[in-house]
Amino acid sequence: MMQESIAALTAEITKAELNNPAELDAFRISYLGRKGRLADLFDQLKTVPNEEKRAVGQQLNALKQQAQARFDEAQQAAEAAADNAPANPDFDYTLPPVPNALGTRHPLSLVREEMLRVFARIGFAVAEGPEIEDDWHNFTALNFPENHPARDMQDTFFVESRSGGLVDSSDENALTHQPANPQPHLLRTHTSTVQVRVMETEPLPIRRVMPGRVFRNEAISARAHMMFHQVEGIFIDEGVSFADLKQTVYYFVQELFGADINIRFRPSFFPFTEPSAEIDITCLICKGAGCNICKYSGWVEIGGCGMVDPAVLENAGIDPEKYSGYAWGMGIERIAMLKYQIKDLRLFTENDMRFLRQFEAL
Ligand code: DAH
């Protein structure tokens, strides 16, 4: 009885078709599964007389191995066939490839590079400085008196060290009147820090532009951000005058925005320049007619400038009797907003692809 069942099942297993996934599944379920025919026969083993049990058990095990081997082999063959099959038989392999999408330049990069190119044409080479600064380079050397309200003009992020707010930077620029360390460290609030660094370390005359990121403790809104970018500039030589500064600014604005843009210098105050001025240009949105961007004045501010204060020259180790110079600082975001008519500062940092894709492709 048992022998006949085994013989019949052996014949079935040998003949079974295993040519596609459905047949493979059916085979696995009806022969190899826990409720399959082989399992059935194993259950019936207990009805076999003791003296035959051993031989029948061996036959059953051999049949089980044979079934498993047939199944494994057919499954491997099916997988190999699937791997080799073309993914889409209708695909035309002679078509030219789709070019990779390369992305676009960030508007701030475009404007920064354009600004640097304009200044490069009149001899200003690029310098950079650290984003984490000490009090000396951000404030004291720039003539912000200790405990003077001028320091509050720029809400500062201070950097804490493990020693509690004061960072020892004794290995930095050894030159000049820099006070003994440790001193407070902070995220620079303006790129004017780099003015001090180049004046401290470079031979005269100095003619530099200094792009970079700056940080202020501000609530983020359409018009203010805690992180933005400036391009600073400085020129120090013998006999430099405010007329030279004006000429540089005129040249820059007209190169960047065109010859029909007007420029005005509005008297202002910065601790590190004397005299100081703010630079206004014709509002690019309304061409001077008045709109909500320029608050109906026809003018928009693009930066500050002035003659480097003699005290600042002295702090950096330059003789103010012999040398004079001018400096300026402009916001890159501000200029990009005017150039591209962008009305919300947050767009620059949100990485919204719909915004970014509108700019020049790489
Ligand atoms: N540092 C100033 C600011 O962040 C901008 C500035 C004004 C820079 C006058 C200068 C300057 O170099 O001469 O508001």
# chains A, B, ... in the order shown; residues from 1 in each chain; ligands from 1
>>> select_by_dssp(residues="segment 139-335 of chain A", states="strand (DSSP E or B)", output="PyMOL selection string")
chain A and resi 158-159+166-167+183-187+206-215+227-237+263-270+273-282+299-308+324-331
>>> write_last_selection(atoms="C-alpha atoms", output="mmCIF file, in the first residue's frame")
data_model
loop_
_atom_site.group_PDB
_atom_site.id
_atom_site.type_symbol
_atom_site.label_atom_id
_atom_site.label_comp_id
_atom_site.auth_asym_id
_atom_site.auth_seq_id
_atom_site.Cartn_x
_atom_site.Cartn_y
_atom_site.Cartn_z
ATOM 1 C CA PHE A 158 28.413 84.364 20.656
ATOM 2 C CA VAL A 159 30.242 81.058 20.483
ATOM 3 C CA LEU A 166 35.913 82.677 26.015
ATOM 4 C CA VAL A 167 38.002 81.033 23.321
ATOM 5 C CA GLN A 183 38.568 86.884 24.298
ATOM 6 C CA PRO A 184 34.916 86.312 23.330
ATOM 7 C CA HIS A 185 34.310 84.528 20.019
ATOM 8 C CA LEU A 186 31.258 84.954 17.828
ATOM 9 C CA LEU A 187 29.764 84.345 14.402
ATOM 10 C CA ILE A 206 45.899 96.994 -0.227
ATOM 11 C CA ARG A 207 43.125 96.503 -2.764
ATOM 12 C CA ARG A 208 40.811 93.662 -1.794
ATOM 13 C CA VAL A 209 37.216 92.426 -2.109
ATOM 14 C CA MET A 210 35.979 90.076 0.579
ATOM 15 C CA PRO A 211 32.828 88.045 0.009
ATOM 16 C CA GLY A 212 31.329 85.958 2.778
ATOM 17 C CA ARG A 213 28.552 84.791 5.027
ATOM 18 C CA VAL A 214 27.533 86.821 8.057
ATOM 19 C CA PHE A 215 25.220 86.078 10.973
ATOM 20 C CA MET A 227 22.372 84.430 7.906
ATOM 21 C CA PHE A 228 23.155 86.452 4.811
ATOM 22 C CA HIS A 229 26.049 87.449 2.554
ATOM 23 C CA GLN A 230 28.115 90.556 2.040
ATOM 24 C CA VAL A 231 30.848 91.710 -0.272
ATOM 25 C CA GLU A 232 33.287 93.949 1.541
ATOM 26 C CA GLY A 233 35.930 96.034 -0.208
ATOM 27 C CA ILE A 234 38.953 97.984 0.922
ATOM 28 C CA PHE A 235 41.576 100.157 -0.710
ATOM 29 C CA ILE A 236 44.479 101.574 1.328
ATOM 30 C CA ASP A 237 47.300 103.633 -0.168
ATOM 31 C CA ILE A 263 23.546 106.752 -7.328
ATOM 32 C CA ARG A 264 23.456 108.874 -4.211
ATOM 33 C CA PHE A 265 25.583 108.924 -1.069
ATOM 34 C CA ARG A 266 23.591 109.537 2.108
ATOM 35 C CA PRO A 267 25.580 110.661 5.194
ATOM 36 C CA SER A 268 25.546 107.912 7.814
ATOM 37 C CA PHE A 269 27.510 106.520 10.737
ATOM 38 C CA PHE A 270 29.744 103.471 11.132
ATOM 39 C CA THR A 273 34.682 104.921 8.850
ATOM 40 C CA GLU A 274 34.803 108.698 8.967
ATOM 41 C CA PRO A 275 33.069 110.168 7.076
ATOM 42 C CA SER A 276 30.535 107.391 6.452
ATOM 43 C CA ALA A 277 27.787 107.109 3.889
ATOM 44 C CA GLU A 278 25.064 104.782 2.765
ATOM 45 C CA ILE A 279 24.850 104.008 -0.947
ATOM 46 C CA ASP A 280 21.433 104.337 -2.578
ATOM 47 C CA ILE A 281 20.615 103.534 -6.188
ATOM 48 C CA THR A 282 17.543 104.123 -8.352
ATOM 49 C CA TRP A 299 15.712 104.894 -4.039
ATOM 50 C CA VAL A 300 16.977 101.643 -2.495
ATOM 51 C CA GLU A 301 20.001 101.162 -0.261
ATOM 52 C CA ILE A 302 22.652 98.645 -1.388
ATOM 53 C CA GLY A 303 25.367 99.112 1.240
ATOM 54 C CA GLY A 304 27.517 101.282 3.461
ATOM 55 C CA CYS A 305 30.888 102.871 2.836
ATOM 56 C CA GLY A 306 33.309 105.493 4.029
ATOM 57 C CA MET A 307 36.917 106.531 4.616
ATOM 58 C CA VAL A 308 38.629 104.070 6.942
ATOM 59 C CA SER A 324 44.391 106.592 3.989
ATOM 60 C CA GLY A 325 41.748 104.423 2.402
ATOM 61 C CA TYR A 326 38.150 103.697 1.737
ATOM 62 C CA ALA A 327 35.969 100.681 2.408
ATOM 63 C CA TRP A 328 32.477 99.481 1.676
ATOM 64 C CA GLY A 329 30.149 96.609 2.502
ATOM 65 C CA MET A 330 27.227 95.511 0.359
ATOM 66 C CA GLY A 331 24.582 92.841 0.861
#
>>> select_by_dssp(residues="segment 89-322 of chain A", states="alpha helix (DSSP H)", output="VMD selection string")
chain A and resid 107 to 120 135 to 138 192 to 201 242 to 257 310 to 315
>>> residues_around(residues="Leu338 of chain A", least_positions_apart="2", cutoff="9 Å", atoms="only C-alpha atoms", output="list of chain:residue names")
A:Cys283, A:Leu284, A:Ile285, A:Val300, A:Glu333, A:Arg334, A:Ile335, A:Ala336, A:Tyr340, A:Gln341, A:Ile342, A:Lys343
>>> write_last_selection(atoms="C-alpha atoms", output="compact mmCIF listing (two decimals), in the first residue's frame")
# COMPACT_ATOMS: atom_id res chain seq x y z
CA CYS A 283 14.90 101.57 -7.44
CA LEU A 284 15.11 98.94 -10.16
CA ILE A 285 11.55 97.81 -9.69
CA VAL A 300 16.98 101.64 -2.50
CA GLU A 333 20.93 89.22 -1.08
CA ARG A 334 19.85 92.83 -1.42
CA ILE A 335 21.44 93.14 -4.84
CA ALA A 336 20.09 89.76 -5.99
CA TYR A 340 15.80 89.39 -10.05
CA GLN A 341 12.87 91.12 -8.32
CA ILE A 342 12.82 88.59 -5.48
CA LYS A 343 10.53 89.77 -2.70
>>> closest_residue(among="A:Gln75, A:Thr189, A:Thr140, A:Asn217", to="ligand 1", atoms="only C-alpha atoms and all ligand atoms")
A:Thr189
>>> closest_residue(among="A:Gln254, A:Asn351, A:Gln195, A:Ser241", to="ligand 1", atoms="only C-alpha atoms and all ligand atoms")
A:Gln195
>>> closest_residue(among="A:Glu146, A:Asp309, A:Glu160, A:Asp135", to="ligand 1", atoms="only C-alpha atoms and all ligand atoms")
A:Asp309
>>> residues_around(residues="Cys286 of chain A", least_positions_apart="4", cutoff="8 Å", atoms="only C-alpha atoms", output="list in words")
Gly290, Cys291 and Gly298 of chain A
>>> residues_around(residues="segment 57-64 of chain A", least_positions_apart="3", cutoff="8 Å", atoms="only C-alpha atoms", output="list in words")
Ile6, Thr10, Leu32, Leu38, Leu41, Phe42, Leu45, Lys53, Arg54, Ala67 and Gln68 of chain A
>>> atom_distance(atom1="atom CA of Leu110 of chain A", atom2="atom CA of Thr201 of chain A")
29.6 Å
>>> residues_around(residues="Leu102 of chain A", least_positions_apart="2", cutoff="12 Å", atoms="only C-alpha atoms", output="MDAnalysis selection string")
chainID A and resid 99:100 104:105 357 360:362
>>> write_last_selection(atoms="C-alpha atoms", output="JSON list (two decimals), in the first residue's frame")
[["chain", "number", "residue", "atom", "x", "y", "z"],
["A", 99, "PRO", "CA", 21.03, 64.09, -21.21],
["A", 100, "ASN", "CA", 21.59, 64.31, -17.43],
["A", 104, "THR", "CA", 21.14, 75.58, -12.06],
["A", 105, "ARG", "CA", 23.40, 78.10, -10.35],
["A", 357, "ARG", "CA", 15.33, 76.15, -11.47],
["A", 360, "GLU", "CA", 21.07, 80.13, -15.17],
["A", 361, "ALA", "CA", 21.83, 76.50, -15.92],
["A", 362, "LEU", "CA", 25.23, 75.06, -15.11]]
>>> closest_residue(among="A:Phe157, A:Tyr31, A:Phe124, A:Phe348", to="Ala224 of chain A", atoms="only C-alpha atoms")
A:Phe348
>>> residues_around(residues="Ala16 of chain A", least_positions_apart="4", cutoff="12 Å", atoms="only C-alpha atoms", output="PyMOL selection string")
chain A and resi 9-12+20+23-28+30-31+67+70-71+74
>>> write_last_selection(atoms="all heavy atoms", output="CSV table (one decimal), in the first residue's frame")
chain,number,residue,atom,x,y,z
A,9,LEU,N,3.7,8.6,-6.5
A,9,LEU,CA,4.2,10.0,-6.2
A,9,LEU,C,5.5,10.3,-6.9
A,9,LEU,O,5.7,11.4,-7.5
A,9,LEU,CB,4.3,10.3,-4.7
A,9,LEU,CG,4.4,11.7,-4.3
A,9,LEU,CD1,3.2,12.5,-4.9
A,9,LEU,CD2,4.4,11.9,-2.8
A,10,THR,N,6.4,9.3,-6.9
A,10,THR,CA,7.7,9.4,-7.6
A,10,THR,C,7.4,9.7,-9.1
A,10,THR,O,8.0,10.6,-9.7
A,10,THR,CB,8.5,8.2,-7.4
A,10,THR,OG1,8.6,7.9,-6.0
A,10,THR,CG2,9.9,8.4,-8.0
A,11,ALA,N,6.5,9.0,-9.7
A,11,ALA,CA,6.3,9.2,-11.1
A,11,ALA,C,5.7,10.6,-11.4
A,11,ALA,O,6.1,11.3,-12.3
A,11,ALA,CB,5.2,8.1,-11.6
A,12,GLU,N,4.8,11.0,-10.5
A,12,GLU,CA,4.2,12.3,-10.6
A,12,GLU,C,5.2,13.4,-10.6
A,12,GLU,O,5.3,14.3,-11.4
A,12,GLU,CB,3.2,12.6,-9.5
A,12,GLU,CG,1.7,12.4,-10.0
A,12,GLU,CD,0.8,12.8,-8.8
A,12,GLU,OE1,0.8,13.9,-8.4
A,12,GLU,OE2,0.1,11.8,-8.4
A,20,ASN,N,7.0,27.6,-15.5
A,20,ASN,CA,6.7,29.0,-15.2
A,20,ASN,C,6.4,29.2,-13.7
A,20,ASN,O,6.2,28.2,-13.0
A,20,ASN,CB,5.5,29.5,-16.1
A,20,ASN,CG,4.3,28.6,-15.9
A,20,ASN,OD1,3.9,28.3,-14.7
A,20,ASN,ND2,3.7,28.1,-17.0
A,23,GLU,N,3.5,27.2,-12.2
A,23,GLU,CA,3.7,25.8,-12.1
A,23,GLU,C,4.7,25.5,-10.9
A,23,GLU,O,4.5,24.5,-10.2
A,23,GLU,CB,4.3,25.2,-13.4
A,23,GLU,CG,3.2,25.0,-14.5
A,23,GLU,CD,3.8,24.6,-15.8
A,23,GLU,OE1,5.0,24.5,-16.0
A,23,GLU,OE2,3.0,24.4,-16.7
A,24,LEU,N,5.7,26.4,-10.8
A,24,LEU,CA,6.6,26.3,-9.6
A,24,LEU,C,5.8,26.3,-8.3
A,24,LEU,O,6.0,25.5,-7.4
A,24,LEU,CB,7.6,27.4,-9.7
A,24,LEU,CG,8.9,27.1,-10.5
A,24,LEU,CD1,9.6,28.4,-10.9
A,24,LEU,CD2,9.8,26.1,-9.8
A,25,ASP,N,4.9,27.3,-8.2
A,25,ASP,CA,4.1,27.5,-7.0
A,25,ASP,C,3.3,26.2,-6.7
A,25,ASP,O,3.2,25.7,-5.6
A,25,ASP,CB,3.2,28.7,-7.2
A,25,ASP,CG,3.7,29.8,-6.3
A,25,ASP,OD1,4.8,29.7,-5.8
A,25,ASP,OD2,3.0,30.9,-6.3
A,26,ALA,N,2.6,25.8,-7.8
A,26,ALA,CA,1.7,24.6,-7.6
A,26,ALA,C,2.5,23.4,-7.1
A,26,ALA,O,2.1,22.7,-6.2
A,26,ALA,CB,1.0,24.3,-8.9
A,27,PHE,N,3.7,23.2,-7.7
A,27,PHE,CA,4.5,22.1,-7.3
A,27,PHE,C,4.9,22.2,-5.8
A,27,PHE,O,4.9,21.2,-5.1
A,27,PHE,CB,5.8,22.1,-8.2
A,27,PHE,CG,6.7,20.9,-8.0
A,27,PHE,CD1,6.6,19.8,-8.7
A,27,PHE,CD2,7.7,21.0,-7.0
A,27,PHE,CE1,7.5,18.7,-8.5
A,27,PHE,CE2,8.6,19.9,-6.8
A,27,PHE,CZ,8.5,18.8,-7.6
A,28,ARG,N,5.4,23.4,-5.5
A,28,ARG,CA,5.9,23.6,-4.1
A,28,ARG,C,4.7,23.3,-3.1
A,28,ARG,O,4.9,22.6,-2.1
A,28,ARG,CB,6.3,25.1,-3.9
A,28,ARG,CG,6.9,25.4,-2.5
A,28,ARG,CD,7.4,26.8,-2.5
A,28,ARG,NE,6.5,27.8,-2.9
A,28,ARG,CZ,5.4,28.2,-2.2
A,28,ARG,NH1,5.2,27.7,-1.0
A,28,ARG,NH2,4.6,29.1,-2.7
A,30,SER,N,1.8,21.5,-3.6
A,30,SER,CA,1.2,20.2,-3.5
A,30,SER,C,2.2,19.1,-3.1
A,30,SER,O,1.8,18.1,-2.6
A,30,SER,CB,0.5,19.8,-4.9
A,30,SER,OG,1.4,19.9,-5.9
A,31,TYR,N,3.5,19.3,-3.3
A,31,TYR,CA,4.5,18.2,-3.0
A,31,TYR,C,5.3,18.6,-1.7
A,31,TYR,O,5.6,17.7,-0.9
A,31,TYR,CB,5.4,17.9,-4.1
A,31,TYR,CG,4.6,17.4,-5.3
A,31,TYR,CD1,4.7,18.1,-6.5
A,31,TYR,CD2,3.7,16.3,-5.3
A,31,TYR,CE1,3.9,17.7,-7.6
A,31,TYR,CE2,3.0,15.9,-6.4
A,31,TYR,CZ,3.1,16.6,-7.5
A,31,TYR,OH,2.3,16.2,-8.6
A,67,ALA,N,12.4,15.7,-4.9
A,67,ALA,CA,11.5,16.7,-5.2
A,67,ALA,C,12.0,18.1,-5.0
A,67,ALA,O,11.9,19.0,-5.8
A,67,ALA,CB,10.2,16.5,-4.4
A,70,ARG,N,14.5,19.0,-7.8
A,70,ARG,CA,13.9,19.4,-9.0
A,70,ARG,C,13.3,20.8,-8.9
A,70,ARG,O,13.5,21.6,-9.8
A,70,ARG,CB,12.6,18.5,-9.3
A,70,ARG,CG,12.9,17.4,-10.2
A,70,ARG,CD,11.7,17.1,-11.1
A,70,ARG,NE,11.7,17.9,-12.3
A,70,ARG,CZ,10.6,18.0,-13.0
A,70,ARG,NH1,9.5,17.4,-12.8
A,70,ARG,NH2,10.6,18.9,-14.1
A,71,PHE,N,12.7,21.1,-7.8
A,71,PHE,CA,12.2,22.4,-7.6
A,71,PHE,C,13.3,23.5,-7.6
A,71,PHE,O,13.1,24.5,-8.3
A,71,PHE,CB,11.4,22.5,-6.2
A,71,PHE,CG,10.8,23.8,-5.9
A,71,PHE,CD1,9.7,24.3,-6.5
A,71,PHE,CD2,11.5,24.7,-5.1
A,71,PHE,CE1,9.1,25.5,-6.2
A,71,PHE,CE2,11.0,26.0,-4.8
A,71,PHE,CZ,9.8,26.4,-5.4
A,74,ALA,N,14.6,24.1,-11.1
A,74,ALA,CA,13.7,24.8,-12.0
A,74,ALA,C,13.5,26.3,-11.6
A,74,ALA,O,13.5,27.2,-12.4
A,74,ALA,CB,12.3,24.2,-11.9
